[in-house]
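Participant: One structure, pasted below without further comment.
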Amino acid sequence: MINLSESELIIGLECHVQLSTLKTKLFCSCSADYRELEPNTVVCPTCLGLPGSLPVVNKEAINLGLKVAKALNCEISDKIIFFRKNYYYPDMPKNFQISQYDRVGGIPLGRDGYVNIKTDAGERTVRIRRIHLEEDPARIVYLGSISTSPYSLIDYNRAGVALLEIVTEPDLTSDEEAHIFLKKLRSIVEHLGVSDGGLQGSMRCDVNISLSGGKRVEIKNISSFKEVKKAIKYEFLRQKQLIKRGVIIEQETRHWDEVRKTTVSMRSKETEQDYRYFPEPDLVPIHISGEWINKILANLPELPEARKTRLMTQYGLPTHDAEVLTTSKALADFFEKAAELYKNYKNISNWLMGDVLRNLNELDIEISESKITPELLVSMLKLIDEGVISGKLGKIIIREVIQTGRDPRILVEEKKLIKISSEESLNLYITQVFQEYPGAVKDALKDEKAIHYLIGQVMKKTAGRADPDILNKLVRKKLAEISSSVQ
Amino acid sequence: MSELISRDVVLHVAWLARLFLTDEQIEAMTKQFNEILSYFRKLDRVDTSNVPLELYVTPLKDITREDIVEASLNPDEALKNAPKREGKYFKAPKMM
Ligand SMILES: [Zn+2]
């Protein structure tokens with residue numbers, strides 16, 4: 001987390017969320033499921049921009065856009081108008097992108113919304129300036145790197161896929177806040193069922209940053225929400241260094257280099273007026289009736305805020321638990337599935353929020369990418385409840401379950417991790433330790449610390465498998481025997 | 001005829017289209033741009049103060065389609081008119 005006074009850093013975000021649950025592209029009937037396909041296999045005259053082709057808007061894309069606009073508390077326009085954004089680059093074969101515009105008669109799908117986020121400093125409101133629909137550009141492949149490649153190769157499979165652009169006001173003041181906002185946004189769109197953030201490149205972001213009242217710098221091309229935090233941190237430090245040296249920050253566009261984790265200046269590109277926005281004459285206005293909106297509202301699924309409240313009432317979870325679990329739809333789904341199989345809900349929540357999330361963070365993966373399932377977690381919790389393994393061992397094997405998806409019962413057997421609670425076997429270990437550490441035994445007769453030391457040594461010998469309660473009892477019993485025989 | 005479009009504007013528009021024009025072409029373009037624009041200037045004489053802003057001239061509205069996949073082009077057909085291709089990709093100059 002960046003440590004600075006609140007007024008120093010001002011951040012606004014421009015998020016691009018792919019409407020990945022759509023079956024077709026925004027303006028043609030090509031499949032929108034373009035990932036892992038051979039190049040140029042889901043293309044047609046419209047998304048290739050061939051002469052004579054005409055776009056027709058996907059009604060479901062508007063439905064999904066309206067859902068998001070409503071969930072982000074936006075005002076909804078009474079009609080949808082598309083504009084052409086003209087620029088000459090091969091990622092858009094028409095030499096323009098069909099988008100929406102908020103000037104010269106244009107209106108975005110939604111505007112003036114807000115999202116509340118919870119930060120360490122308390123609740124914050126992040127205002128949403130606008131939400132609009134636009135088409136995704138093609139993917140360009142370079143030979144080697146972008147700077148050394150002699151030409152570009154283009155795959156138009158992605159061209160025309162529906163994107164929702166969501167623009168915030170500059171209300172964010174740290175990398176951490178931006179991260180929390182993006183997580184919340186992702187949780188909302190996933191709960192709405194409009195996008196799957198787990199898909200590569202389905203959520204991208206441009207960041208506007210200004211520091212200490214300096215000029216605004218835009219960072220483009222951040223291809224996942226995860227990278228945003230790193231990009232902000234880097235850019236903040238870069239600008240801070242420059243300001244320290246007395247350099248004035250110029251308004252510019254920079255590019256996030258994901259490999260080197262730095263921002264790089266982009267040659268001055270088109271300015272806003274160079275895009276020569278004008279109404280797309282091939283598409284007609286779409287009117288959004290009150291009836292349409294009511295239908296959207298009636299079918300709005302449960303959103304993270306509502307789910308949080310429900311988790312508290314239905315499972316008796318504390319506010320904090322419900323909040324953490326609903327930061328991700330996958331996590332909340334995981335919890336509820338596990339809760340169908342196992343009734344100690346708080347125990348599930350503790351493990352998810354604690355060891356599961358910690359391991360996922362360390363492995364830098366999401367729960368959907370891990371191999372653990374609600375069934376496997378519950379199986380492990382039952383092993384602990386039945387006394388087969390200790391909680392401490394559970395913490396060790398959970399990582400392996402996350403990485404391999406193997407049944408904890410089998411892991412425990414294979415690794416001979418079963419808890420030792422037989423007094424007979426434990427006494428064998430205790431006798432050994434007492435012989436090895438006669439000094440500690442002597443101290444232990446009057447010093448509590450030395451008792452813990454002896455217990456620790458037995459634990460070590462059993463590789464953590466000794467039942468702590470029984471071990472504790474037996475060690476004290478043995479010490480008492482020694483003590484009475486000495487007297 | 002007063003000049004509406006300067007040589008600099010023509011150069012800028014050419015750059016936006018990534019076109020590199022000779023001096024003669026720039027001169028010819030500047031002339032043509034200005035002729036076209038002054039022709040359309042005739043519209044300025046119409047009083048539109050009582051006409052609301054209208055972006056569309058057709059009576060058509062609310063045309064949408066359902067989210068149903070239809071067949072795409074087969075790749076050979078898709079690439080048939082490409083001036084240059086490499087494998088299954090379109091090949092284009094690198095643009096920075
Ligand atoms: Zn298409």
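Simple scheme: letters A, B, ... for chains in structure tokens order, numbers from 1 for residues in each chain, numbers from 1 for ligands in the order shown.
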Near chain A, meaning an atom within 12 Å, which residues of chain B appear when counting only C-alpha atoms? Write them as an NGL selection string.
Facilitator: :B and (9 or 12-19 or 52-82 or 84-96)
Participant: Determine which residues of chain B receive a DSSP assignment of alpha helix (DSSP H), computed from the backbone, and state them as number ranges by chain.
Facilitator: B: 7-16, 23-40, 75-79
Participant: Could you please take those selected residues and save C-alpha atoms as an mmCIF file, in the first residue's frame?
Facilitator:
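New file again.cif:
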data_model
loop_
_atom_site.group_PDB
_atom_site.id
_atom_site.type_symbol
_atom_site.label_atom_id
_atom_site.label_comp_id
_atom_site.auth_asym_id
_atom_site.auth_seq_id
_atom_site.Cartn_x
_atom_site.Cartn_y
_atom_site.Cartn_z
ATOM 1 C CA ARG B 7 -2.665 23.387 -45.743
ATOM 2 C CA ASP B 8 -1.801 22.452 -42.150
ATOM 3 C CA VAL B 9 -5.228 20.951 -41.573
ATOM 4 C CA VAL B 10 -4.882 18.891 -44.749
ATOM 5 C CA LEU B 11 -1.521 17.647 -43.574
ATOM 6 C CA HIS B 12 -2.962 16.746 -40.194
ATOM 7 C CA VAL B 13 -5.904 14.882 -41.724
ATOM 8 C CA ALA B 14 -3.472 13.053 -44.010
ATOM 9 C CA TRP B 15 -1.426 12.043 -40.970
ATOM 10 C CA LEU B 16 -4.554 10.769 -39.213
ATOM 11 C CA ASP B 23 3.453 18.830 -52.304
ATOM 12 C CA GLU B 24 1.295 18.685 -55.412
ATOM 13 C CA GLN B 25 -1.163 16.332 -53.784
ATOM 14 C CA ILE B 26 -1.372 18.557 -50.703
ATOM 15 C CA GLU B 27 -2.142 21.546 -52.898
ATOM 16 C CA ALA B 28 -4.779 19.657 -54.856
ATOM 17 C CA MET B 29 -6.360 18.295 -51.657
ATOM 18 C CA THR B 30 -6.449 21.710 -50.020
ATOM 19 C CA LYS B 31 -8.236 23.084 -53.050
ATOM 20 C CA GLN B 32 -10.739 20.229 -53.165
ATOM 21 C CA PHE B 33 -11.439 20.299 -49.422
ATOM 22 C CA ASN B 34 -12.223 23.989 -49.654
ATOM 23 C CA GLU B 35 -14.439 23.597 -52.698
ATOM 24 C CA ILE B 36 -16.463 20.871 -51.039
ATOM 25 C CA LEU B 37 -16.805 22.767 -47.802
ATOM 26 C CA SER B 38 -17.844 26.023 -49.447
ATOM 27 C CA TYR B 39 -20.428 24.130 -51.447
ATOM 28 C CA PHE B 40 -21.909 22.770 -48.253
ATOM 29 C CA PRO B 75 -11.107 -18.880 -43.034
ATOM 30 C CA ASP B 76 -10.049 -19.069 -46.669
ATOM 31 C CA GLU B 77 -12.959 -16.969 -47.715
ATOM 32 C CA ALA B 78 -12.280 -14.532 -44.892
ATOM 33 C CA LEU B 79 -8.700 -14.051 -46.042
#
Participant: Please provide as number ranges by chain all residues within 12 Å of Glu424 (chain A), with the sequence filter that same-chain residues fewer than 6 positions apart are discarded (counting only C-alpha atoms).
Facilitator: A: 430-431, 466, 470-471, 474
Participant: Tell me which of A:Ile348, A:Ile128, A:Ile11, A:Ala444 sits closest to Lys215 (chain A), counting only C-alpha atoms.
Facilitator: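 So, comparing all the options, the nearest one is A:Ile11.
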Participant: CA of Leu163 (chain A) to CA of Leu72 (chain A): how many Å, to one decimal?
Facilitator: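 Distance reported for this atom pair: 16.2 Å.
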Participant: Mind the document's chain letters and residue numbers, and return as a list in words the residues of chain B that DSSP labels strand (DSSP E or B).
Facilitator: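 DSSP-assigned strand (DSSP E or B) residues in chain B: Thr64, Arg65, Arg85, Glu86, Tyr89, Phe90, Lys91, Ala92 and Pro93 of chain B.
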Participant: Quick one: write out the picked residues with C-alpha atoms as a PDB file, in the first residue's frame?
Facilitator:
ATOM      1  CA  THR B  64     -32.005  -5.240 -32.805  1.00  0.00           C
ATOM      2  CA  ARG B  65     -31.221  -8.905 -33.203  1.00  0.00           C
ATOM      3  CA  ARG B  85      -1.528 -12.719 -45.406  1.00  0.00           C
ATOM      4  CA  GLU B  86       0.682 -14.996 -43.396  1.00  0.00           C
ATOM      5  CA  TYR B  89      -3.399 -14.081 -40.209  1.00  0.00           C
ATOM      6  CA  PHE B  90      -3.943 -10.847 -42.063  1.00  0.00           C
ATOM      7  CA  LYS B  91      -0.608  -9.164 -42.512  1.00  0.00           C
ATOM      8  CA  ALA B  92      -0.330  -5.412 -42.151  1.00  0.00           C
ATOM      9  CA  PRO B  93       2.390  -2.820 -41.823  1.00  0.00           C
TER      10      PRO B  93
END
Participant: With only C-alpha atoms as the counted atoms, please give the residues lying no more than 12 Å from Arg399 (chain A), apart from itself and same-chain residues fewer than 2 positions off, as a PyMOL selection string.
Facilitator: chain A and resi 351+354-363+370-372+376-377+380+393-397+401-406+408+411
Participant: Taking N, CA and C atoms for each residue, export the selection above as a PDB file, in the first residue's frame.
Facilitator:
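Now in out_38.pdb:
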ATOM      1  N   TRP A 351     -11.749 -21.043   7.761  1.00  0.00           N
ATOM      2  CA  TRP A 351     -10.741 -21.681   6.897  1.00  0.00           C
ATOM      3  C   TRP A 351     -10.610 -20.973   5.557  1.00  0.00           C
ATOM      4  N   GLY A 354      -9.008 -17.553   6.155  1.00  0.00           N
ATOM      5  CA  GLY A 354      -7.654 -17.677   6.678  1.00  0.00           C
ATOM      6  C   GLY A 354      -6.748 -18.435   5.732  1.00  0.00           C
ATOM      7  N   ASP A 355      -6.650 -19.751   5.955  1.00  0.00           N
ATOM      8  CA  ASP A 355      -5.639 -20.534   5.246  1.00  0.00           C
ATOM      9  C   ASP A 355      -5.862 -20.652   3.744  1.00  0.00           C
ATOM     10  N   VAL A 356      -7.124 -20.739   3.334  1.00  0.00           N
ATOM     11  CA  VAL A 356      -7.355 -20.880   1.887  1.00  0.00           C
ATOM     12  C   VAL A 356      -6.934 -19.596   1.165  1.00  0.00           C
ATOM     13  N   LEU A 357      -7.443 -18.438   1.613  1.00  0.00           N
ATOM     14  CA  LEU A 357      -7.091 -17.181   0.940  1.00  0.00           C
ATOM     15  C   LEU A 357      -5.593 -16.891   1.020  1.00  0.00           C
ATOM     16  N   ARG A 358      -4.997 -17.202   2.174  1.00  0.00           N
ATOM     17  CA  ARG A 358      -3.567 -16.934   2.316  1.00  0.00           C
ATOM     18  C   ARG A 358      -2.759 -17.757   1.303  1.00  0.00           C
ATOM     19  N   ASN A 359      -3.112 -19.041   1.182  1.00  0.00           N
ATOM     20  CA  ASN A 359      -2.406 -19.885   0.217  1.00  0.00           C
ATOM     21  C   ASN A 359      -2.651 -19.440  -1.223  1.00  0.00           C
ATOM     22  N   LEU A 360      -3.890 -19.044  -1.519  1.00  0.00           N
ATOM     23  CA  LEU A 360      -4.190 -18.580  -2.878  1.00  0.00           C
ATOM     24  C   LEU A 360      -3.357 -17.343  -3.193  1.00  0.00           C
ATOM     25  N   ASN A 361      -3.260 -16.443  -2.211  1.00  0.00           N
ATOM     26  CA  ASN A 361      -2.452 -15.232  -2.397  1.00  0.00           C
ATOM     27  C   ASN A 361      -1.005 -15.578  -2.654  1.00  0.00           C
ATOM     28  N   GLU A 362      -0.489 -16.485  -1.838  1.00  0.00           N
ATOM     29  CA  GLU A 362       0.917 -16.868  -1.988  1.00  0.00           C
ATOM     30  C   GLU A 362       1.163 -17.517  -3.345  1.00  0.00           C
ATOM     31  N   LEU A 363       0.194 -18.305  -3.798  1.00  0.00           N
ATOM     32  CA  LEU A 363       0.347 -18.986  -5.095  1.00  0.00           C
ATOM     33  C   LEU A 363      -0.045 -18.063  -6.252  1.00  0.00           C
ATOM     34  N   SER A 370      -7.746 -22.820  -8.577  1.00  0.00           N
ATOM     35  CA  SER A 370      -7.155 -23.807  -7.688  1.00  0.00           C
ATOM     36  C   SER A 370      -7.913 -25.124  -7.820  1.00  0.00           C
ATOM     37  N   LYS A 371      -7.347 -26.171  -7.205  1.00  0.00           N
ATOM     38  CA  LYS A 371      -7.968 -27.488  -7.357  1.00  0.00           C
ATOM     39  C   LYS A 371      -8.891 -27.831  -6.189  1.00  0.00           C
ATOM     40  N   ILE A 372      -8.919 -26.970  -5.197  1.00  0.00           N
ATOM     41  CA  ILE A 372      -9.749 -27.291  -4.041  1.00  0.00           C
ATOM     42  C   ILE A 372     -11.227 -27.123  -4.391  1.00  0.00           C
ATOM     43  N   LEU A 376     -13.826 -31.141  -0.943  1.00  0.00           N
ATOM     44  CA  LEU A 376     -12.510 -31.443  -0.380  1.00  0.00           C
ATOM     45  C   LEU A 376     -12.260 -30.679   0.917  1.00  0.00           C
ATOM     46  N   LEU A 377     -12.672 -29.405   0.936  1.00  0.00           N
ATOM     47  CA  LEU A 377     -12.483 -28.635   2.173  1.00  0.00           C
ATOM     48  C   LEU A 377     -13.281 -29.282   3.307  1.00  0.00           C
ATOM     49  N   MET A 380     -11.734 -32.321   4.707  1.00  0.00           N
ATOM     50  CA  MET A 380     -10.634 -32.045   5.624  1.00  0.00           C
ATOM     51  C   MET A 380     -11.153 -31.576   6.992  1.00  0.00           C
ATOM     52  N   LEU A 393      -2.099 -29.744  11.455  1.00  0.00           N
ATOM     53  CA  LEU A 393      -1.779 -30.513  10.251  1.00  0.00           C
ATOM     54  C   LEU A 393      -2.686 -30.129   9.091  1.00  0.00           C
ATOM     55  N   GLY A 394      -3.920 -29.796   9.429  1.00  0.00           N
ATOM     56  CA  GLY A 394      -4.859 -29.334   8.412  1.00  0.00           C
ATOM     57  C   GLY A 394      -4.273 -28.146   7.664  1.00  0.00           C
ATOM     58  N   LYS A 395      -3.660 -27.249   8.416  1.00  0.00           N
ATOM     59  CA  LYS A 395      -3.059 -26.063   7.811  1.00  0.00           C
ATOM     60  C   LYS A 395      -1.960 -26.437   6.826  1.00  0.00           C
ATOM     61  N   ILE A 396      -1.305 -27.578   7.110  1.00  0.00           N
ATOM     62  CA  ILE A 396      -0.221 -27.996   6.220  1.00  0.00           C
ATOM     63  C   ILE A 396      -0.768 -28.666   4.963  1.00  0.00           C
ATOM     64  N   ILE A 397      -1.756 -29.558   5.156  1.00  0.00           N
ATOM     65  CA  ILE A 397      -2.198 -30.293   3.961  1.00  0.00           C
ATOM     66  C   ILE A 397      -3.116 -29.465   3.063  1.00  0.00           C
ATOM     67  N   VAL A 401      -3.903 -29.725  -1.008  1.00  0.00           N
ATOM     68  CA  VAL A 401      -5.243 -29.918  -1.575  1.00  0.00           C
ATOM     69  C   VAL A 401      -5.507 -28.821  -2.617  1.00  0.00           C
ATOM     70  N   ILE A 402      -5.121 -27.581  -2.291  1.00  0.00           N
ATOM     71  CA  ILE A 402      -5.320 -26.462  -3.217  1.00  0.00           C
ATOM     72  C   ILE A 402      -4.549 -26.694  -4.520  1.00  0.00           C
ATOM     73  N   GLN A 403      -3.348 -27.232  -4.387  1.00  0.00           N
ATOM     74  CA  GLN A 403      -2.508 -27.401  -5.572  1.00  0.00           C
ATOM     75  C   GLN A 403      -2.817 -28.662  -6.378  1.00  0.00           C
ATOM     76  N   THR A 404      -3.223 -29.733  -5.681  1.00  0.00           N
ATOM     77  CA  THR A 404      -3.391 -31.002  -6.403  1.00  0.00           C
ATOM     78  C   THR A 404      -4.835 -31.451  -6.514  1.00  0.00           C
ATOM     79  N   GLY A 405      -5.699 -30.962  -5.619  1.00  0.00           N
ATOM     80  CA  GLY A 405      -7.085 -31.418  -5.642  1.00  0.00           C
ATOM     81  C   GLY A 405      -7.246 -32.850  -5.156  1.00  0.00           C
ATOM     82  N   ARG A 406      -6.259 -33.349  -4.431  1.00  0.00           N
ATOM     83  CA  ARG A 406      -6.344 -34.734  -3.954  1.00  0.00           C
ATOM     84  C   ARG A 406      -7.138 -34.810  -2.657  1.00  0.00           C
ATOM     85  N   PRO A 408      -8.140 -35.184   0.945  1.00  0.00           N
ATOM     86  CA  PRO A 408      -7.364 -35.071   2.184  1.00  0.00           C
ATOM     87  C   PRO A 408      -7.226 -36.404   2.930  1.00  0.00           C
ATOM     88  N   LEU A 411      -4.392 -38.211   1.328  1.00  0.00           N
ATOM     89  CA  LEU A 411      -3.140 -37.515   1.632  1.00  0.00           C
ATOM     90  C   LEU A 411      -2.661 -37.863   3.032  1.00  0.00           C
TER      91      LEU A 411
END
